[in-house]
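Below: the structure, in structure tokens.
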Amino acid sequence: MLENYMLAGKIASTVRENIRKKNHIDRTLLEICESIENEITLLGGKPAFPVNVSLNEIAAHYTAEPQDPIVVKDTDVIKIDLGVHINGYIADTAVTISYDSKYDHLVDVAELSLSEAIKISKINTKSGDIGKTIENTILHNGLKPIQNLSGHSLDQYTVHSGKSIPNIRTIGSSFSLTNNQAYAIEPFVTTRDGLGIVYEGKIQNIFSIVSRKPTKDRDLDDFITYLWNRFKTLPFAIRWLIKDYDETLLNNMINFLMKKKNIRSYPILVEGNNKIVSQAEHTFLISEDQNYIITK
Ligand code: MN
Ligand code: MN
């Protein structure tokens with residue numbers, strides 16, 4: 001398990017640092033997603049979910065459509081969130097990129113609150129204390145955390161495996177970090193005039209299987225089997241499927257399977273006051289003696 005995590009983390013951090021160095025202005029979101037996913041594959045990993053390329057007030061869950069025409073502008077703030085898995089063991093990491101220095105503070109505070117949170121994360125650390133540290137760091141820097149986005153535990157083939165690590169102080173229940181468990185911490189930061197809450201938008205282009213129960217339609221059952229064989233419970237994008245299926249047919253099948261609750265979608269998440277959002281994320285593995293930041 002440890003070797004799989006370490007390799008996934010090494011690939012994820014290598015790819016993330018290449019993204020950070022590169023100039024993305026005038027590139028399409030499609031080109032960015034595909035080049036990152038190709039690089040993950042070339043380095044020997046598999047994408048654990050479609051690369052998220054969320055612009056400005058979109059906090060998370062946008063990935064490129066099959067012919068996505070959107071181009072990055074020099075005024076954009078872009079969150080690139082990527083996952084790599086080796087045999088289902090997932091490294092989840094994110095970076096925010098901007099080309100206008102007026103956003104430097106917003107970007108830096110996401111990174112700062114992440115590093116302050118990681119500093120206190122050891123075996124038995126309470127999730128509530130991590131949330132408090134993240135919130136304090138962000139507020140002391142004159143910005144606002146997004147309250148309803150959080151970090152999470154990760155398990156084999158499961159990106160969000162049940163435990164949430166808050167980005168704010170919380171009332172009541174808190175859990176303690178445990179041995180041999182992977183966690184991701186991911187603060188999201190907005191400006192003081194932001195609402196600090198995200199809402200689901202209309203766009204949904206990331207999906208995953210939630211149930212393999214048969215549908216009474218042979219073609220749909222075959223499609224579920226195909227998705228299961230390729231992705232198990234991990235998220236996927238339409239553009240990953242268009243080599244094997246007609247796009248209109250795909251959209252129809254996915255809509256039908258969503259109604260049947262075989263498939264769920266991950267709608268884009270938009271800042272409540274449409275203010276700009278930044279993000280930083282690392283995955284780490286807790287052991288008795290230390291905290292391995294696998295995406296360092
Ligand atoms: Mn992520
Ligand atoms: Mn995550």
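If you're wondering about the labels, chains in the structure tokens are A, B, ... by order shown, residues count from 1 in each chain, ligands from 1 in order shown.
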Env. residues ligand 1 / 12 Å / only C-alpha atoms and all ligand atoms / as a VMD selection string: chain A and resid 12 16 47 to 54 59 to 62 79 to 84 90 to 96 149 to 154 159 to 160 183 to 188 235 279 to 283 295
Near-Ile120 in chain A list (12 Å; only C-alpha atoms; drop same-chain fewer than 3 positions) as a PyMOL selection string: chain A and resi 113-117+123-134+177+185+286+290-291
Would you export the selected residues with all heavy atoms as a short mmCIF file (atom, residue, chain, number, x, y, z; two decimals), in the first residue's frame, please?
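Here's the written file out.cif:
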data_model
loop_
_atom_site.label_atom_id
_atom_site.label_comp_id
_atom_site.auth_asym_id
_atom_site.auth_seq_id
_atom_site.Cartn_x
_atom_site.Cartn_y
_atom_site.Cartn_z
N SER A 113 -2.47 28.39 4.37
CA SER A 113 -3.39 27.70 5.28
C SER A 113 -3.22 26.19 5.16
O SER A 113 -3.34 25.46 6.15
CB SER A 113 -4.84 28.13 5.03
OG SER A 113 -5.21 27.87 3.70
N LEU A 114 -2.90 25.71 3.96
CA LEU A 114 -2.63 24.27 3.78
C LEU A 114 -1.38 23.87 4.56
O LEU A 114 -1.39 22.87 5.29
CB LEU A 114 -2.45 23.95 2.29
CG LEU A 114 -2.00 22.52 1.96
CD1 LEU A 114 -3.02 21.48 2.46
CD2 LEU A 114 -1.78 22.36 0.45
N SER A 115 -0.31 24.66 4.46
CA SER A 115 0.92 24.25 5.15
C SER A 115 0.78 24.36 6.66
O SER A 115 1.29 23.51 7.40
CB SER A 115 2.15 25.00 4.62
OG SER A 115 2.00 26.37 4.85
N GLU A 116 0.02 25.35 7.16
CA GLU A 116 -0.23 25.44 8.61
C GLU A 116 -1.05 24.23 9.08
O GLU A 116 -0.80 23.69 10.15
CB GLU A 116 -0.99 26.73 8.94
CG GLU A 116 -0.19 28.01 8.70
CD GLU A 116 1.03 28.13 9.60
OE1 GLU A 116 0.91 27.79 10.80
OE2 GLU A 116 2.10 28.54 9.11
N ALA A 117 -2.01 23.81 8.27
CA ALA A 117 -2.85 22.66 8.63
C ALA A 117 -2.02 21.38 8.65
O ALA A 117 -2.17 20.54 9.54
CB ALA A 117 -4.01 22.53 7.65
N ILE A 123 -0.78 11.73 14.01
CA ILE A 123 -1.71 10.74 14.51
C ILE A 123 -2.46 11.34 15.71
O ILE A 123 -1.86 12.04 16.53
CB ILE A 123 -0.96 9.43 14.84
CG1 ILE A 123 -1.94 8.30 15.05
CG2 ILE A 123 -0.05 9.56 16.07
CD1 ILE A 123 -1.31 6.93 14.89
N ASN A 124 -3.76 11.11 15.78
CA ASN A 124 -4.65 11.60 16.84
C ASN A 124 -5.01 13.09 16.77
O ASN A 124 -5.76 13.57 17.62
CB ASN A 124 -4.11 11.29 18.24
CG ASN A 124 -4.09 9.79 18.51
OD1 ASN A 124 -4.94 9.06 17.98
ND2 ASN A 124 -3.14 9.33 19.30
N THR A 125 -4.49 13.83 15.79
CA THR A 125 -4.94 15.23 15.63
C THR A 125 -6.43 15.24 15.34
O THR A 125 -6.94 14.43 14.56
CB THR A 125 -4.19 15.92 14.47
OG1 THR A 125 -2.79 15.92 14.74
CG2 THR A 125 -4.66 17.36 14.27
N LYS A 126 -7.15 16.16 15.98
CA LYS A 126 -8.60 16.25 15.77
C LYS A 126 -8.89 17.03 14.48
O LYS A 126 -8.29 18.07 14.23
CB LYS A 126 -9.25 16.97 16.94
CG LYS A 126 -9.35 16.13 18.20
CD LYS A 126 -10.45 16.69 19.11
CE LYS A 126 -10.78 15.73 20.22
NZ LYS A 126 -9.63 15.55 21.14
N SER A 127 -9.84 16.53 13.69
CA SER A 127 -10.20 17.20 12.44
C SER A 127 -10.67 18.63 12.73
O SER A 127 -10.41 19.54 11.94
CB SER A 127 -11.29 16.42 11.72
OG SER A 127 -12.45 16.31 12.53
N GLY A 128 -11.33 18.82 13.86
CA GLY A 128 -11.80 20.16 14.24
C GLY A 128 -10.65 21.14 14.41
O GLY A 128 -10.78 22.32 14.08
N ASP A 129 -9.51 20.65 14.94
CA ASP A 129 -8.35 21.53 15.11
C ASP A 129 -7.74 21.91 13.76
O ASP A 129 -7.20 23.01 13.60
CB ASP A 129 -7.29 20.85 16.00
CG ASP A 129 -7.77 20.74 17.45
OD1 ASP A 129 -8.66 21.53 17.84
OD2 ASP A 129 -7.27 19.86 18.17
N ILE A 130 -7.83 21.00 12.80
CA ILE A 130 -7.32 21.32 11.45
C ILE A 130 -8.20 22.42 10.85
O ILE A 130 -7.70 23.42 10.31
CB ILE A 130 -7.32 20.06 10.55
CG1 ILE A 130 -6.39 18.99 11.17
CG2 ILE A 130 -6.87 20.41 9.13
CD1 ILE A 130 -6.42 17.64 10.44
N GLY A 131 -9.52 22.26 10.97
CA GLY A 131 -10.44 23.28 10.46
C GLY A 131 -10.21 24.64 11.08
O GLY A 131 -10.21 25.67 10.40
N LYS A 132 -9.99 24.62 12.40
CA LYS A 132 -9.76 25.88 13.12
C LYS A 132 -8.47 26.56 12.63
O LYS A 132 -8.45 27.78 12.43
CB LYS A 132 -9.67 25.58 14.63
CG LYS A 132 -9.76 26.78 15.52
CD LYS A 132 -10.15 26.39 16.94
CE LYS A 132 -9.10 25.51 17.61
NZ LYS A 132 -9.49 25.09 18.97
N THR A 133 -7.44 25.77 12.43
CA THR A 133 -6.16 26.32 11.95
C THR A 133 -6.31 26.93 10.56
O THR A 133 -5.80 28.02 10.28
CB THR A 133 -5.10 25.18 11.91
OG1 THR A 133 -4.93 24.68 13.23
CG2 THR A 133 -3.77 25.68 11.37
N ILE A 134 -7.04 26.23 9.70
CA ILE A 134 -7.25 26.74 8.33
C ILE A 134 -8.04 28.04 8.39
O ILE A 134 -7.64 29.05 7.79
CB ILE A 134 -7.99 25.68 7.46
CG1 ILE A 134 -7.07 24.48 7.21
CG2 ILE A 134 -8.46 26.29 6.14
CD1 ILE A 134 -7.76 23.28 6.56
N LEU A 177 -7.26 11.81 13.46
CA LEU A 177 -6.52 11.17 12.37
C LEU A 177 -5.97 9.83 12.85
O LEU A 177 -5.43 9.73 13.95
CB LEU A 177 -5.37 12.06 11.89
CG LEU A 177 -5.75 13.46 11.39
CD1 LEU A 177 -4.52 14.17 10.83
CD2 LEU A 177 -6.83 13.41 10.32
N ILE A 185 -6.05 17.37 2.54
CA ILE A 185 -6.50 18.65 3.09
C ILE A 185 -6.53 19.62 1.93
O ILE A 185 -5.60 19.68 1.12
CB ILE A 185 -5.53 19.15 4.19
CG1 ILE A 185 -5.57 18.19 5.39
CG2 ILE A 185 -5.90 20.56 4.65
CD1 ILE A 185 -4.69 18.62 6.56
N ILE A 286 -0.85 9.01 7.29
CA ILE A 286 -0.44 9.08 8.69
C ILE A 286 0.12 7.74 9.13
O ILE A 286 -0.48 6.70 8.88
CB ILE A 286 -1.68 9.41 9.58
CG1 ILE A 286 -2.21 10.79 9.26
CG2 ILE A 286 -1.36 9.23 11.06
CD1 ILE A 286 -1.49 11.91 9.94
N GLN A 290 5.35 9.33 11.71
CA GLN A 290 5.34 10.57 10.94
C GLN A 290 4.15 10.70 10.00
O GLN A 290 3.34 9.80 9.84
CB GLN A 290 6.64 10.77 10.19
CG GLN A 290 6.96 9.67 9.19
CD GLN A 290 8.20 10.01 8.39
OE1 GLN A 290 8.33 11.10 7.85
NE2 GLN A 290 9.15 9.08 8.32
N ASN A 291 4.11 11.88 9.38
CA ASN A 291 3.08 12.19 8.42
C ASN A 291 3.78 12.29 7.06
O ASN A 291 4.53 13.23 6.81
CB ASN A 291 2.46 13.54 8.84
CG ASN A 291 1.50 14.09 7.82
OD1 ASN A 291 1.38 13.56 6.72
ND2 ASN A 291 0.84 15.17 8.17
#
Which of A:Asp108, A:Asp155, A:Glu31, A:Glu200 sits closest to ligand 2 [using only C-alpha atoms and all ligand atoms]: A:Asp155
Using only C-alpha atoms, find the one residue out of A:Leu285, A:Thr248, A:Thr233, A:Gly201 that sits nearest to Met1 in chain A. A:Leu285
If you run DSSP on the backbone here, which positions in range 9-245 of chain A get strand (DSSP E)? Please write them as a PyMOL selection string. chain A and resi 46-47+52-55+58-60+77-86+89-98+144-145+151-154+164-165+181-185+188-190+198-200+206-209+236-237
Would you mind listing what lies within 12 Å of Asn262 in chain A as a CSV table (one decimal) with all heavy atoms, in the first residue's frame, with only C-alpha atoms counted and same-chain residues fewer than 6 positions away left out?
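out_35.csv, freshly written:
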chain,number,residue,atom,x,y,z
A,207,PHE,N,-18.8,12.3,-13.7
A,207,PHE,CA,-19.8,11.3,-13.2
A,207,PHE,C,-19.1,10.1,-12.6
A,207,PHE,O,-17.9,9.9,-12.8
A,207,PHE,CB,-20.6,10.8,-14.5
A,207,PHE,CG,-21.2,11.8,-15.3
A,207,PHE,CD1,-20.5,12.4,-16.4
A,207,PHE,CD2,-22.5,12.3,-15.0
A,207,PHE,CE1,-21.1,13.5,-17.1
A,207,PHE,CE2,-23.1,13.3,-15.8
A,207,PHE,CZ,-22.4,13.9,-16.8
A,208,SER,N,-19.8,9.3,-11.8
A,208,SER,CA,-19.3,8.1,-11.3
A,208,SER,C,-20.4,7.1,-11.1
A,208,SER,O,-21.6,7.4,-11.0
A,208,SER,CB,-18.5,8.2,-10.1
A,208,SER,OG,-19.3,8.6,-9.0
A,209,ILE,N,-20.1,5.8,-11.1
A,209,ILE,CA,-21.0,4.7,-10.8
A,209,ILE,C,-21.3,4.7,-9.3
A,209,ILE,O,-20.4,4.7,-8.5
A,209,ILE,CB,-20.4,3.3,-11.2
A,209,ILE,CG1,-20.4,3.2,-12.8
A,209,ILE,CG2,-21.3,2.2,-10.7
A,209,ILE,CD1,-20.1,1.8,-13.3
A,210,VAL,N,-22.6,4.6,-9.0
A,210,VAL,CA,-23.0,4.4,-7.6
A,210,VAL,C,-23.7,3.1,-7.4
A,210,VAL,O,-23.7,2.5,-6.3
A,210,VAL,CB,-23.9,5.5,-7.0
A,210,VAL,CG1,-23.1,6.8,-6.8
A,210,VAL,CG2,-25.1,5.8,-7.9
A,211,SER,N,-24.2,2.5,-8.4
A,211,SER,CA,-24.9,1.2,-8.3
A,211,SER,C,-24.7,0.4,-9.6
A,211,SER,O,-24.9,1.0,-10.7
A,211,SER,CB,-26.4,1.3,-7.9
A,211,SER,OG,-27.0,0.1,-8.2
A,212,ARG,N,-24.5,-0.9,-9.5
A,212,ARG,CA,-24.4,-1.7,-10.7
A,212,ARG,C,-25.7,-2.5,-10.9
A,212,ARG,O,-25.7,-3.5,-11.7
A,212,ARG,CB,-23.2,-2.7,-10.6
A,212,ARG,CG,-21.9,-1.9,-10.7
A,212,ARG,CD,-20.7,-2.8,-10.3
A,212,ARG,NE,-20.5,-3.8,-11.4
A,212,ARG,CZ,-19.8,-4.9,-11.3
A,212,ARG,NH1,-19.3,-5.2,-10.1
A,212,ARG,NH2,-19.6,-5.7,-12.3
A,213,LYS,N,-26.8,-2.2,-10.2
A,213,LYS,CA,-28.0,-3.0,-10.4
A,213,LYS,C,-28.5,-3.0,-11.8
A,213,LYS,O,-28.5,-1.9,-12.5
A,213,LYS,CB,-29.1,-2.5,-9.4
A,213,LYS,CG,-29.7,-1.1,-9.7
A,213,LYS,CD,-30.8,-0.8,-8.7
A,213,LYS,CE,-31.6,0.5,-9.1
A,213,LYS,NZ,-30.9,1.7,-9.0
A,214,PRO,N,-28.9,-4.1,-12.3
A,214,PRO,CA,-29.3,-4.2,-13.7
A,214,PRO,C,-30.5,-3.4,-14.0
A,214,PRO,O,-31.4,-3.1,-13.2
A,214,PRO,CB,-29.7,-5.7,-13.9
A,214,PRO,CG,-29.0,-6.4,-12.8
A,214,PRO,CD,-29.0,-5.4,-11.6
A,215,THR,N,-30.6,-3.0,-15.3
A,215,THR,CA,-31.6,-2.0,-15.7
A,215,THR,C,-32.8,-2.5,-16.5
A,215,THR,O,-33.7,-1.8,-16.8
A,215,THR,CB,-31.0,-0.9,-16.6
A,215,THR,OG1,-30.5,-1.5,-17.8
A,215,THR,CG2,-29.9,-0.2,-15.9
A,220,LEU,N,-27.7,-0.9,-21.9
A,220,LEU,CA,-27.4,-0.1,-20.7
A,220,LEU,C,-26.6,-0.9,-19.7
A,220,LEU,O,-25.6,-0.4,-19.1
A,220,LEU,CB,-28.6,0.5,-20.1
A,220,LEU,CG,-29.3,1.7,-20.8
A,220,LEU,CD1,-30.6,2.0,-20.2
A,220,LEU,CD2,-28.4,2.9,-20.7
A,221,ASP,N,-27.0,-2.2,-19.5
A,221,ASP,CA,-26.2,-3.1,-18.6
A,221,ASP,C,-24.8,-3.3,-19.1
A,221,ASP,O,-23.8,-3.3,-18.4
A,221,ASP,CB,-26.9,-4.4,-18.4
A,221,ASP,CG,-28.2,-4.3,-17.5
A,221,ASP,OD1,-28.4,-3.2,-17.0
A,221,ASP,OD2,-28.9,-5.3,-17.4
A,223,PHE,N,-23.2,-1.1,-20.9
A,223,PHE,CA,-22.5,0.1,-20.7
A,223,PHE,C,-22.0,0.3,-19.2
A,223,PHE,O,-20.9,0.7,-19.0
A,223,PHE,CB,-23.4,1.3,-21.1
A,223,PHE,CG,-22.9,2.7,-20.9
A,223,PHE,CD1,-21.6,3.0,-21.5
A,223,PHE,CD2,-23.5,3.6,-20.1
A,223,PHE,CE1,-21.1,4.3,-21.3
A,223,PHE,CE2,-23.0,4.9,-20.0
A,223,PHE,CZ,-21.8,5.3,-20.6
A,224,ILE,N,-22.8,-0.2,-18.3
A,224,ILE,CA,-22.4,-0.1,-16.9
A,224,ILE,C,-21.2,-1.1,-16.7
A,224,ILE,O,-20.3,-0.7,-16.0
A,224,ILE,CB,-23.6,-0.6,-16.0
A,224,ILE,CG1,-24.8,0.4,-16.0
A,224,ILE,CG2,-23.1,-0.8,-14.5
A,224,ILE,CD1,-26.0,0.0,-15.3
A,225,THR,N,-21.3,-2.2,-17.3
A,225,THR,CA,-20.1,-3.2,-17.1
A,225,THR,C,-18.8,-2.5,-17.7
A,225,THR,O,-17.8,-2.6,-17.1
A,225,THR,CB,-20.4,-4.5,-17.9
A,225,THR,OG1,-21.6,-5.0,-17.3
A,225,THR,CG2,-19.3,-5.5,-17.7
A,227,LEU,N,-18.2,0.7,-18.0
A,227,LEU,CA,-17.7,1.8,-17.0
A,227,LEU,C,-17.0,1.2,-15.8
A,227,LEU,O,-16.0,1.6,-15.4
A,227,LEU,CB,-18.9,2.6,-16.6
A,227,LEU,CG,-19.6,3.5,-17.7
A,227,LEU,CD1,-20.8,4.1,-17.1
A,227,LEU,CD2,-18.6,4.6,-18.2
A,228,TRP,N,-17.6,0.1,-15.3
A,228,TRP,CA,-17.1,-0.5,-14.1
A,228,TRP,C,-15.7,-1.1,-14.4
A,228,TRP,O,-14.8,-0.9,-13.6
A,228,TRP,CB,-18.0,-1.7,-13.6
A,228,TRP,CG,-17.5,-2.4,-12.4
A,228,TRP,CD1,-16.8,-3.6,-12.5
A,228,TRP,CD2,-17.4,-1.9,-11.1
A,228,TRP,NE1,-16.4,-4.0,-11.2
A,228,TRP,CE2,-16.8,-3.0,-10.3
A,228,TRP,CE3,-17.9,-0.8,-10.4
A,228,TRP,CZ2,-16.6,-2.8,-9.0
A,228,TRP,CZ3,-17.7,-0.7,-9.1
A,228,TRP,CH2,-17.0,-1.7,-8.3
A,233,THR,N,-15.3,2.6,-9.1
A,233,THR,CA,-16.1,3.7,-8.5
A,233,THR,C,-15.5,5.1,-8.7
A,233,THR,O,-16.0,6.1,-8.2
A,233,THR,CB,-16.3,3.5,-6.9
A,233,THR,OG1,-15.0,3.1,-6.4
A,233,THR,CG2,-17.2,2.3,-6.7
A,253,MET,N,-27.6,7.8,-22.5
A,253,MET,CA,-27.4,6.7,-21.6
A,253,MET,C,-27.1,7.3,-20.2
A,253,MET,O,-27.6,6.8,-19.2
A,253,MET,CB,-26.3,5.8,-22.1
A,253,MET,CG,-26.6,5.0,-23.3
A,253,MET,SD,-25.6,3.5,-23.6
A,253,MET,CE,-24.0,4.3,-24.0
A,254,ILE,N,-26.2,8.3,-20.1
A,254,ILE,CA,-25.8,8.8,-18.8
A,254,ILE,C,-27.0,9.5,-18.1
A,254,ILE,O,-27.3,9.3,-16.9
A,254,ILE,CB,-24.6,9.7,-19.0
A,254,ILE,CG1,-23.4,8.9,-19.2
A,254,ILE,CG2,-24.5,10.6,-17.7
A,254,ILE,CD1,-22.1,9.6,-19.4
A,255,ASN,N,-27.8,10.2,-18.9
A,255,ASN,CA,-29.0,10.9,-18.3
A,255,ASN,C,-30.0,9.8,-17.8
A,255,ASN,O,-30.5,9.9,-16.7
A,255,ASN,CB,-29.7,11.8,-19.3
A,255,ASN,CG,-29.0,13.1,-19.5
A,255,ASN,OD1,-28.3,13.5,-18.6
A,255,ASN,ND2,-29.1,13.6,-20.7
A,256,PHE,N,-30.1,8.8,-18.6
A,256,PHE,CA,-31.1,7.7,-18.1
A,256,PHE,C,-30.5,7.0,-16.9
A,256,PHE,O,-31.3,6.8,-15.9
A,256,PHE,CB,-31.2,6.7,-19.3
A,256,PHE,CG,-32.3,5.6,-19.0
A,256,PHE,CD1,-33.6,5.9,-19.2
A,256,PHE,CD2,-31.9,4.4,-18.5
A,256,PHE,CE1,-34.6,5.0,-18.9
A,256,PHE,CE2,-32.9,3.4,-18.2
A,256,PHE,CZ,-34.2,3.7,-18.4
Report the distance between CA of Lys21 in chain A and CA of Tyr103 in chain A in Å, rounded to one decimal place. 16.9 Å
Quick one, how far is CA of Ile293 in chain A from CA of Ser176 in chain A? 17.5 Å
